[in-house]
$ cat upload_18.cif   # mmCIF, C-alpha atoms
data_upload
#
loop_
_atom_site.label_atom_id
_atom_site.label_comp_id
_atom_site.auth_asym_id
_atom_site.auth_seq_id
_atom_site.Cartn_x
_atom_site.Cartn_y
_atom_site.Cartn_z
CA MET A 1 6.28 0.03 -8.20
CA SER A 2 3.08 1.06 -9.93
CA ALA A 3 4.15 -0.46 -13.26
CA LEU A 4 5.13 -3.72 -11.58
CA TYR A 5 1.77 -3.81 -9.78
CA LYS A 6 -0.09 -3.20 -13.05
CA ALA A 7 1.91 -5.89 -14.82
CA SER A 8 1.21 -8.36 -12.02
CA VAL A 9 -2.50 -7.60 -12.10
CA LEU A 10 -2.43 -7.91 -15.87
CA VAL A 11 -0.87 -11.35 -15.74
CA LEU A 12 -3.20 -12.56 -13.02
CA VAL A 13 -6.28 -11.37 -14.87
CA PHE A 14 -5.06 -12.84 -18.16
CA CYS A 15 -4.28 -16.19 -16.52
CA GLY A 16 -7.67 -16.13 -14.81
CA PHE A 17 -9.33 -15.36 -18.13
CA ILE A 18 -7.51 -18.22 -19.85
CA LEU A 19 -8.35 -20.64 -17.05
CA ASN A 20 -11.94 -19.46 -16.97
CA THR A 21 -12.44 -19.84 -20.71
CA GLY A 22 -10.72 -23.24 -20.68
CA ALA A 23 -12.89 -24.54 -17.85
CA GLN A 24 -16.22 -23.78 -19.52
CA THR A 25 -17.88 -26.55 -21.43
CA PRO A 26 -19.33 -25.55 -24.76
CA THR A 27 -23.09 -25.54 -24.81
CA PRO A 28 -24.92 -25.68 -28.09
CA GLY A 29 -26.52 -22.37 -28.84
CA PRO A 30 -27.04 -19.95 -31.65
CA ALA A 31 -24.28 -19.72 -34.24
CA PRO A 32 -21.69 -17.10 -33.30
CA VAL A 33 -21.93 -13.76 -35.04
CA PRO A 34 -19.05 -13.28 -37.51
CA CYS A 35 -16.31 -11.02 -36.22
CA GLU A 36 -16.48 -8.63 -39.20
CA SER A 37 -20.10 -7.78 -38.40
CA ARG A 38 -18.95 -6.46 -34.99
CA SER A 39 -16.65 -3.84 -36.51
CA ASN A 40 -17.35 -0.20 -35.61
CA THR A 41 -18.99 -1.31 -32.36
CA SER A 42 -17.05 -1.57 -29.10
CA CYS A 43 -14.10 -3.66 -28.00
CA GLU A 44 -16.25 -5.44 -25.43
CA GLU A 45 -18.85 -6.32 -28.04
CA CYS A 46 -16.18 -7.67 -30.40
CA LEU A 47 -14.39 -9.75 -27.77
CA LYS A 48 -17.54 -11.54 -26.66
CA ASN A 49 -16.47 -14.05 -29.29
CA VAL A 50 -13.05 -15.44 -28.28
CA SER A 51 -12.06 -16.01 -31.89
CA CYS A 52 -12.23 -12.27 -32.59
CA LEU A 53 -9.41 -9.74 -32.49
CA TRP A 54 -10.09 -6.04 -31.88
CA CYS A 55 -7.88 -3.42 -33.50
CA GLU A 56 -8.16 -0.18 -31.51
CA PRO A 57 -7.20 2.61 -33.97
CA ASN A 58 -9.54 1.63 -36.80
CA LYS A 59 -12.24 0.01 -34.60
CA GLN A 60 -12.11 -3.18 -36.65
CA CYS A 61 -13.14 -6.59 -35.36
CA THR A 62 -11.50 -9.41 -37.32
CA ASP A 63 -11.05 -13.12 -36.98
CA TYR A 64 -7.91 -13.95 -35.03
CA PRO A 65 -5.22 -15.11 -37.49
CA VAL A 66 -4.78 -18.60 -36.09
CA LYS A 67 -2.07 -19.54 -38.59
CA SER A 68 0.38 -17.25 -36.82
CA ILE A 69 0.95 -17.10 -33.08
CA LEU A 70 0.84 -13.32 -32.98
CA PRO A 71 -1.28 -11.20 -35.29
CA PRO A 72 0.86 -9.73 -38.07
CA SER A 73 1.25 -5.97 -38.15
CA SER A 74 -0.66 -5.92 -41.46
CA VAL A 75 -3.76 -7.01 -39.53
CA CYS A 76 -3.12 -4.76 -36.51
CA PRO A 77 0.00 -3.45 -34.70
CA LEU A 78 0.73 -5.39 -31.51
CA ASN A 79 0.30 -2.40 -29.20
CA ASP A 80 -3.17 -1.77 -30.67
CA ALA A 81 -4.39 -5.39 -30.86
CA ARG A 82 -6.76 -6.66 -28.17
CA TRP A 83 -7.81 -10.24 -27.55
CA GLY A 84 -9.60 -11.71 -24.55
CA VAL A 85 -9.93 -8.46 -22.61
CA CYS A 86 -9.93 -4.91 -23.90
CA TRP A 87 -7.39 -3.42 -21.53
CA VAL A 88 -4.54 -5.83 -22.46
CA ASN A 89 -2.60 -5.25 -25.64
CA PHE A 90 -0.33 -7.87 -27.14
CA LEU A 91 2.86 -5.86 -26.62
CA ILE A 92 2.36 -5.70 -22.84
CA LEU A 93 1.29 -9.33 -22.85
CA ILE A 94 4.48 -10.43 -24.63
CA ILE A 95 6.71 -8.36 -22.34
CA THR A 96 4.96 -9.58 -19.19
CA MET A 97 5.07 -13.23 -20.21
CA SER A 98 8.75 -12.91 -21.19
CA VAL A 99 9.60 -11.36 -17.82
CA LEU A 100 7.65 -14.05 -15.96
CA GLY A 101 9.31 -16.78 -18.03
CA GLY A 102 12.72 -15.25 -17.26
CA ILE A 103 11.95 -15.06 -13.54
CA ILE A 104 10.82 -18.70 -13.51
CA LEU A 105 13.94 -19.75 -15.42
CA ILE A 106 16.20 -17.83 -13.03
CA ALA A 107 14.37 -19.35 -10.04
CA ILE A 108 14.91 -22.85 -11.43
CA LEU A 109 18.60 -22.14 -12.05
CA VAL A 110 19.01 -20.76 -8.51
CA CYS A 111 17.34 -23.86 -7.07
CA CYS A 112 19.62 -26.13 -9.12
CA PHE A 113 22.66 -24.14 -8.02
CA CYS A 114 21.64 -24.34 -4.35
CA CYS A 115 20.99 -28.08 -4.58
CA CYS A 116 24.37 -28.69 -6.21
CA LYS A 117 26.10 -26.52 -3.63
CA CYS A 118 24.41 -28.36 -0.75
CA GLU A 119 25.38 -31.67 -2.33
CA ARG A 120 29.00 -30.51 -2.61
CA ILE A 121 29.00 -29.51 1.06
CA GLY A 122 27.74 -32.99 1.94
CA ASN A 123 30.47 -34.53 -0.20
CA LYS A 124 33.10 -32.37 1.52
CA ARG A 125 31.91 -33.67 4.90
CA GLU A 126 32.07 -37.24 3.66
CA ASP A 127 35.51 -36.62 2.17
CA ALA A 128 36.78 -35.12 5.43
CA MET A 129 35.46 -38.09 7.42
CA ALA A 130 37.04 -40.56 4.98
CA GLU A 131 40.33 -38.65 5.23
CA ARG A 132 40.23 -38.83 9.06
CA GLN A 133 39.55 -42.56 8.92
CA ASN A 134 42.34 -43.02 6.40
CA ARG A 135 44.75 -41.07 8.61
CA ALA A 136 43.79 -43.13 11.68
CA ARG A 137 44.28 -46.35 9.68
CA LYS A 138 47.76 -45.21 8.58
CA ASP A 139 48.68 -44.30 12.17
CA ARG A 140 47.64 -47.75 13.40
CA GLN A 141 49.62 -49.31 10.56
CA LYS A 142 52.73 -47.32 11.56
CA VAL A 143 52.38 -48.50 15.16
CA ARG A 144 52.06 -52.13 14.01
CA ARG A 145 55.09 -51.75 11.72
CA SER A 146 57.21 -50.32 14.50
CA GLU A 147 56.13 -53.15 16.83
CA MET A 148 56.99 -55.71 14.15
CA GLN A 149 60.33 -54.01 13.55
CA MET A 150 61.09 -54.14 17.28
CA ARG A 151 60.24 -57.88 17.39
CA HIS A 152 62.41 -58.54 14.34
CA ASP A 153 65.27 -56.61 15.92
CA GLU A 154 64.91 -58.64 19.13
CA ILE A 155 64.99 -61.87 17.14
CA ARG A 156 68.05 -60.69 15.20
CA GLN A 157 69.81 -59.74 18.42
CA LYS A 158 68.98 -63.14 19.88
CA TYR A 159 70.43 -65.00 16.88
CA VAL A 160 73.45 -62.71 16.70
CA HIS A 161 74.25 -63.57 20.35
CA MET A 162 73.61 -67.25 19.74
CA GLY A 163 75.95 -67.22 16.79
CA SER A 164 78.76 -65.72 18.87
CA LYS A 165 78.31 -68.47 21.49
CA TYR A 166 78.93 -71.20 18.97
CA GLY A 167 81.96 -69.57 17.43
CA LYS A 168 80.50 -68.06 14.38
#
$ encode --input "upload_18.cif" --output "structure tokens"
Amino acid sequence: MSALYKASVLVLVFCGFILNTGAQTPTPGPAPVPCESRSNTSCEECLKNVSCLWCEPNKQCTDYPVKSILPPSSVCPLNDARWGVCWVNFLILIITMSVLGGIILIAILVCCFCCCKCERIGNKREDAMAERQNRARKDRQKVRRSEMQMRHDEIRQKYVHMGSKYGK
């Protein structure tokens, strides 16, 4: 329970950080200090510039390698790399985002399954009603056929008797 709580808090804080940094409008100010000059300081000092990546074991602040999505292990191992906030490493971030993506995907699949199942139940009701109507139609048709057959038989009997009267 504690790990799930920490992961949830981690995701919420990370999403809040991303939304917060995306919502700010850039204001012209002094030129940002290069990331390398913030090495051997603190993680917080390094990450004041969002383009910097902090590597925990060697206390190095480097420019984030924007050509790759994740920093390569030659720059810094994922479980030691920090970006955005100091208490989130990339390994936990990847695992948490994968789990959340999986949960969202499963939720979408469950919703699709439920919708299809409900639609099938509706179709079964419609099919049952159509079957009842079809059965009633066939019953009425049988009654009409038997009535017609009785009329035809009466007519045949009439002509059979008439034929015997006239010597046929």
$ resolve_selection --input "upload_18.cif" --expression "the PyMOL selection byres ((chain A and resi 86-92) around 9)" --output "MDAnalysis selection string"
chainID A and resid 7 10 14 43:44 47 54 70:71 77:85 93:97
$ resolve_selection --input "upload_18.cif" --expression "the PyMOL selection byres ((chain A and resi 33) around 12)" --output "list in words"
Gly29, Pro30, Ala31, Pro32, Pro34, Cys35, Glu36, Ser37, Arg38, Ser39, Glu45, Cys46, Leu47, Lys48, Asn49, Val50, Ser51, Cys52, Cys61, Thr62 and Asp63 of chain A
$ atom_distance --input "upload_18.cif" --atom1 "CA of Val75 (chain A)" --atom2 "CA of Thr41 (chain A)"
17.8 Å
$ atom_distance --input "upload_18.cif" --atom1 "CA of Pro65 (chain A)" --atom2 "CA of Ile104 (chain A)"
29.1 Å
$ atom_distance --input "upload_18.cif" --atom1 "CA of Arg145 (chain A)" --atom2 "CA of Gln157 (chain A)"
18.0 Å
$ axis_aligned_box --input "upload_18.cif" --around "region 66-80 of chain A" --padding-each-side "5 Å" --output "lines of an AutoDock Vina configuration file"
center_x = -1.8
center_y = -10.7
center_z = -35.3
size_x = 16.0
size_y = 27.8
size_z = 22.3
$ closest_residue --input "upload_18.cif" --among "A:Val143, A:Ala128, A:Ala136, A:Leu53" --to "Val66 (chain A)" --atoms "all atoms listed in the file"
A:Leu53
$ closest_residue --input "upload_18.cif" --among "A:Cys76, A:Met148, A:Cys111, A:Met129" --to "Gln60 (chain A)" --atoms "only C-alpha atoms"
A:Cys76
$ build_atoms --input "upload_18.cif" --residues "region 124-135 of chain A" --atoms "all heavy atoms" --output "PDB file, keeping the file's coordinate frame"
ATOM      1  N   LYS A 124      31.913 -32.828   0.802  1.00  0.00           N
ATOM      2  CA  LYS A 124      33.100 -32.370   1.520  1.00  0.00           C
ATOM      3  C   LYS A 124      33.131 -32.971   2.916  1.00  0.00           C
ATOM      4  O   LYS A 124      34.186 -33.371   3.402  1.00  0.00           O
ATOM      5  CB  LYS A 124      33.119 -30.842   1.605  1.00  0.00           C
ATOM      6  CG  LYS A 124      33.461 -30.173   0.298  1.00  0.00           C
ATOM      7  CD  LYS A 124      33.463 -28.669   0.439  1.00  0.00           C
ATOM      8  CE  LYS A 124      33.731 -28.009  -0.890  1.00  0.00           C
ATOM      9  NZ  LYS A 124      33.658 -26.547  -0.795  1.00  0.00           N
ATOM     10  N   ARG A 125      31.979 -33.053   3.569  1.00  0.00           N
ATOM     11  CA  ARG A 125      31.910 -33.670   4.900  1.00  0.00           C
ATOM     12  C   ARG A 125      32.297 -35.136   4.817  1.00  0.00           C
ATOM     13  O   ARG A 125      33.066 -35.635   5.640  1.00  0.00           O
ATOM     14  CB  ARG A 125      30.507 -33.525   5.480  1.00  0.00           C
ATOM     15  CG  ARG A 125      30.168 -32.124   5.899  1.00  0.00           C
ATOM     16  CD  ARG A 125      28.761 -32.070   6.459  1.00  0.00           C
ATOM     17  NE  ARG A 125      28.341 -30.683   6.645  1.00  0.00           N
ATOM     18  CZ  ARG A 125      27.108 -30.274   6.659  1.00  0.00           C
ATOM     19  NH1 ARG A 125      26.129 -31.151   6.478  1.00  0.00           N
ATOM     20  NH2 ARG A 125      26.803 -29.008   6.846  1.00  0.00           N
ATOM     21  N   GLU A 126      31.736 -35.828   3.828  1.00  0.00           N
ATOM     22  CA  GLU A 126      32.070 -37.240   3.660  1.00  0.00           C
ATOM     23  C   GLU A 126      33.549 -37.418   3.354  1.00  0.00           C
ATOM     24  O   GLU A 126      34.187 -38.335   3.870  1.00  0.00           O
ATOM     25  CB  GLU A 126      31.222 -37.848   2.546  1.00  0.00           C
ATOM     26  CG  GLU A 126      29.751 -37.981   2.891  1.00  0.00           C
ATOM     27  CD  GLU A 126      28.911 -38.418   1.702  1.00  0.00           C
ATOM     28  OE1 GLU A 126      29.490 -38.776   0.651  1.00  0.00           O
ATOM     29  OE2 GLU A 126      27.679 -38.398   1.816  1.00  0.00           O
ATOM     30  N   ASP A 127      34.088 -36.548   2.507  1.00  0.00           N
ATOM     31  CA  ASP A 127      35.510 -36.620   2.170  1.00  0.00           C
ATOM     32  C   ASP A 127      36.379 -36.376   3.389  1.00  0.00           C
ATOM     33  O   ASP A 127      37.395 -37.068   3.588  1.00  0.00           O
ATOM     34  CB  ASP A 127      35.853 -35.605   1.072  1.00  0.00           C
ATOM     35  CG  ASP A 127      35.238 -35.959  -0.269  1.00  0.00           C
ATOM     36  OD1 ASP A 127      34.769 -37.116  -0.417  1.00  0.00           O
ATOM     37  OD2 ASP A 127      35.217 -35.086  -1.163  1.00  0.00           O
ATOM     38  N   ALA A 128      36.002 -35.407   4.224  1.00  0.00           N
ATOM     39  CA  ALA A 128      36.780 -35.120   5.430  1.00  0.00           C
ATOM     40  C   ALA A 128      36.735 -36.308   6.382  1.00  0.00           C
ATOM     41  O   ALA A 128      37.769 -36.675   6.981  1.00  0.00           O
ATOM     42  CB  ALA A 128      36.244 -33.863   6.107  1.00  0.00           C
ATOM     43  N   MET A 129      35.573 -36.948   6.531  1.00  0.00           N
ATOM     44  CA  MET A 129      35.460 -38.090   7.420  1.00  0.00           C
ATOM     45  C   MET A 129      36.289 -39.263   6.878  1.00  0.00           C
ATOM     46  O   MET A 129      36.995 -39.940   7.638  1.00  0.00           O
ATOM     47  CB  MET A 129      33.990 -38.518   7.559  1.00  0.00           C
ATOM     48  CG  MET A 129      33.777 -39.573   8.619  1.00  0.00           C
ATOM     49  SD  MET A 129      32.051 -39.851   9.041  1.00  0.00           S
ATOM     50  CE  MET A 129      31.469 -40.680   7.595  1.00  0.00           C
ATOM     51  N   ALA A 130      36.239 -39.493   5.583  1.00  0.00           N
ATOM     52  CA  ALA A 130      37.040 -40.560   4.980  1.00  0.00           C
ATOM     53  C   ALA A 130      38.530 -40.281   5.168  1.00  0.00           C
ATOM     54  O   ALA A 130      39.314 -41.205   5.436  1.00  0.00           O
ATOM     55  CB  ALA A 130      36.694 -40.701   3.502  1.00  0.00           C
ATOM     56  N   GLU A 131      38.927 -39.029   5.037  1.00  0.00           N
ATOM     57  CA  GLU A 131      40.330 -38.650   5.230  1.00  0.00           C
ATOM     58  C   GLU A 131      40.764 -38.911   6.679  1.00  0.00           C
ATOM     59  O   GLU A 131      41.867 -39.424   6.918  1.00  0.00           O
ATOM     60  CB  GLU A 131      40.520 -37.171   4.873  1.00  0.00           C
ATOM     61  CG  GLU A 131      41.940 -36.690   4.969  1.00  0.00           C
ATOM     62  CD  GLU A 131      42.852 -37.344   3.961  1.00  0.00           C
ATOM     63  OE1 GLU A 131      42.385 -37.662   2.843  1.00  0.00           O
ATOM     64  OE2 GLU A 131      44.036 -37.540   4.287  1.00  0.00           O
ATOM     65  N   ARG A 132      39.913 -38.569   7.652  1.00  0.00           N
ATOM     66  CA  ARG A 132      40.230 -38.830   9.060  1.00  0.00           C
ATOM     67  C   ARG A 132      40.380 -40.329   9.310  1.00  0.00           C
ATOM     68  O   ARG A 132      41.307 -40.776   9.991  1.00  0.00           O
ATOM     69  CB  ARG A 132      39.154 -38.249   9.972  1.00  0.00           C
ATOM     70  CG  ARG A 132      39.243 -36.759  10.157  1.00  0.00           C
ATOM     71  CD  ARG A 132      38.343 -36.286  11.298  1.00  0.00           C
ATOM     72  NE  ARG A 132      36.939 -36.646  11.110  1.00  0.00           N
ATOM     73  CZ  ARG A 132      36.043 -35.884  10.511  1.00  0.00           C
ATOM     74  NH1 ARG A 132      36.389 -34.708  10.040  1.00  0.00           N
ATOM     75  NH2 ARG A 132      34.786 -36.281  10.392  1.00  0.00           N
ATOM     76  N   GLN A 133      39.473 -41.111   8.745  1.00  0.00           N
ATOM     77  CA  GLN A 133      39.550 -42.560   8.920  1.00  0.00           C
ATOM     78  C   GLN A 133      40.811 -43.116   8.273  1.00  0.00           C
ATOM     79  O   GLN A 133      41.480 -43.989   8.829  1.00  0.00           O
ATOM     80  CB  GLN A 133      38.310 -43.228   8.320  1.00  0.00           C
ATOM     81  CG  GLN A 133      37.045 -42.981   9.101  1.00  0.00           C
ATOM     82  CD  GLN A 133      35.806 -43.532   8.393  1.00  0.00           C
ATOM     83  OE1 GLN A 133      35.871 -43.912   7.228  1.00  0.00           O
ATOM     84  NE2 GLN A 133      34.688 -43.556   9.111  1.00  0.00           N
ATOM     85  N   ASN A 134      41.146 -42.585   7.112  1.00  0.00           N
ATOM     86  CA  ASN A 134      42.340 -43.020   6.400  1.00  0.00           C
ATOM     87  C   ASN A 134      43.593 -42.691   7.221  1.00  0.00           C
ATOM     88  O   ASN A 134      44.509 -43.513   7.335  1.00  0.00           O
ATOM     89  CB  ASN A 134      42.401 -42.345   5.031  1.00  0.00           C
ATOM     90  CG  ASN A 134      43.232 -43.112   4.042  1.00  0.00           C
ATOM     91  OD1 ASN A 134      43.663 -44.218   4.322  1.00  0.00           O
ATOM     92  ND2 ASN A 134      43.455 -42.512   2.888  1.00  0.00           N
ATOM     93  N   ARG A 135      43.617 -41.487   7.792  1.00  0.00           N
ATOM     94  CA  ARG A 135      44.750 -41.070   8.610  1.00  0.00           C
ATOM     95  C   ARG A 135      44.889 -41.964   9.850  1.00  0.00           C
ATOM     96  O   ARG A 135      45.991 -42.393  10.211  1.00  0.00           O
ATOM     97  CB  ARG A 135      44.580 -39.608   9.033  1.00  0.00           C
ATOM     98  CG  ARG A 135      45.888 -38.864   9.133  1.00  0.00           C
ATOM     99  CD  ARG A 135      45.717 -37.387   9.446  1.00  0.00           C
ATOM    100  NE  ARG A 135      44.929 -36.667   8.449  1.00  0.00           N
ATOM    101  CZ  ARG A 135      43.842 -35.949   8.735  1.00  0.00           C
ATOM    102  NH1 ARG A 135      43.428 -35.820   9.965  1.00  0.00           N
ATOM    103  NH2 ARG A 135      43.184 -35.346   7.776  1.00  0.00           N
TER     104      ARG A 135
END
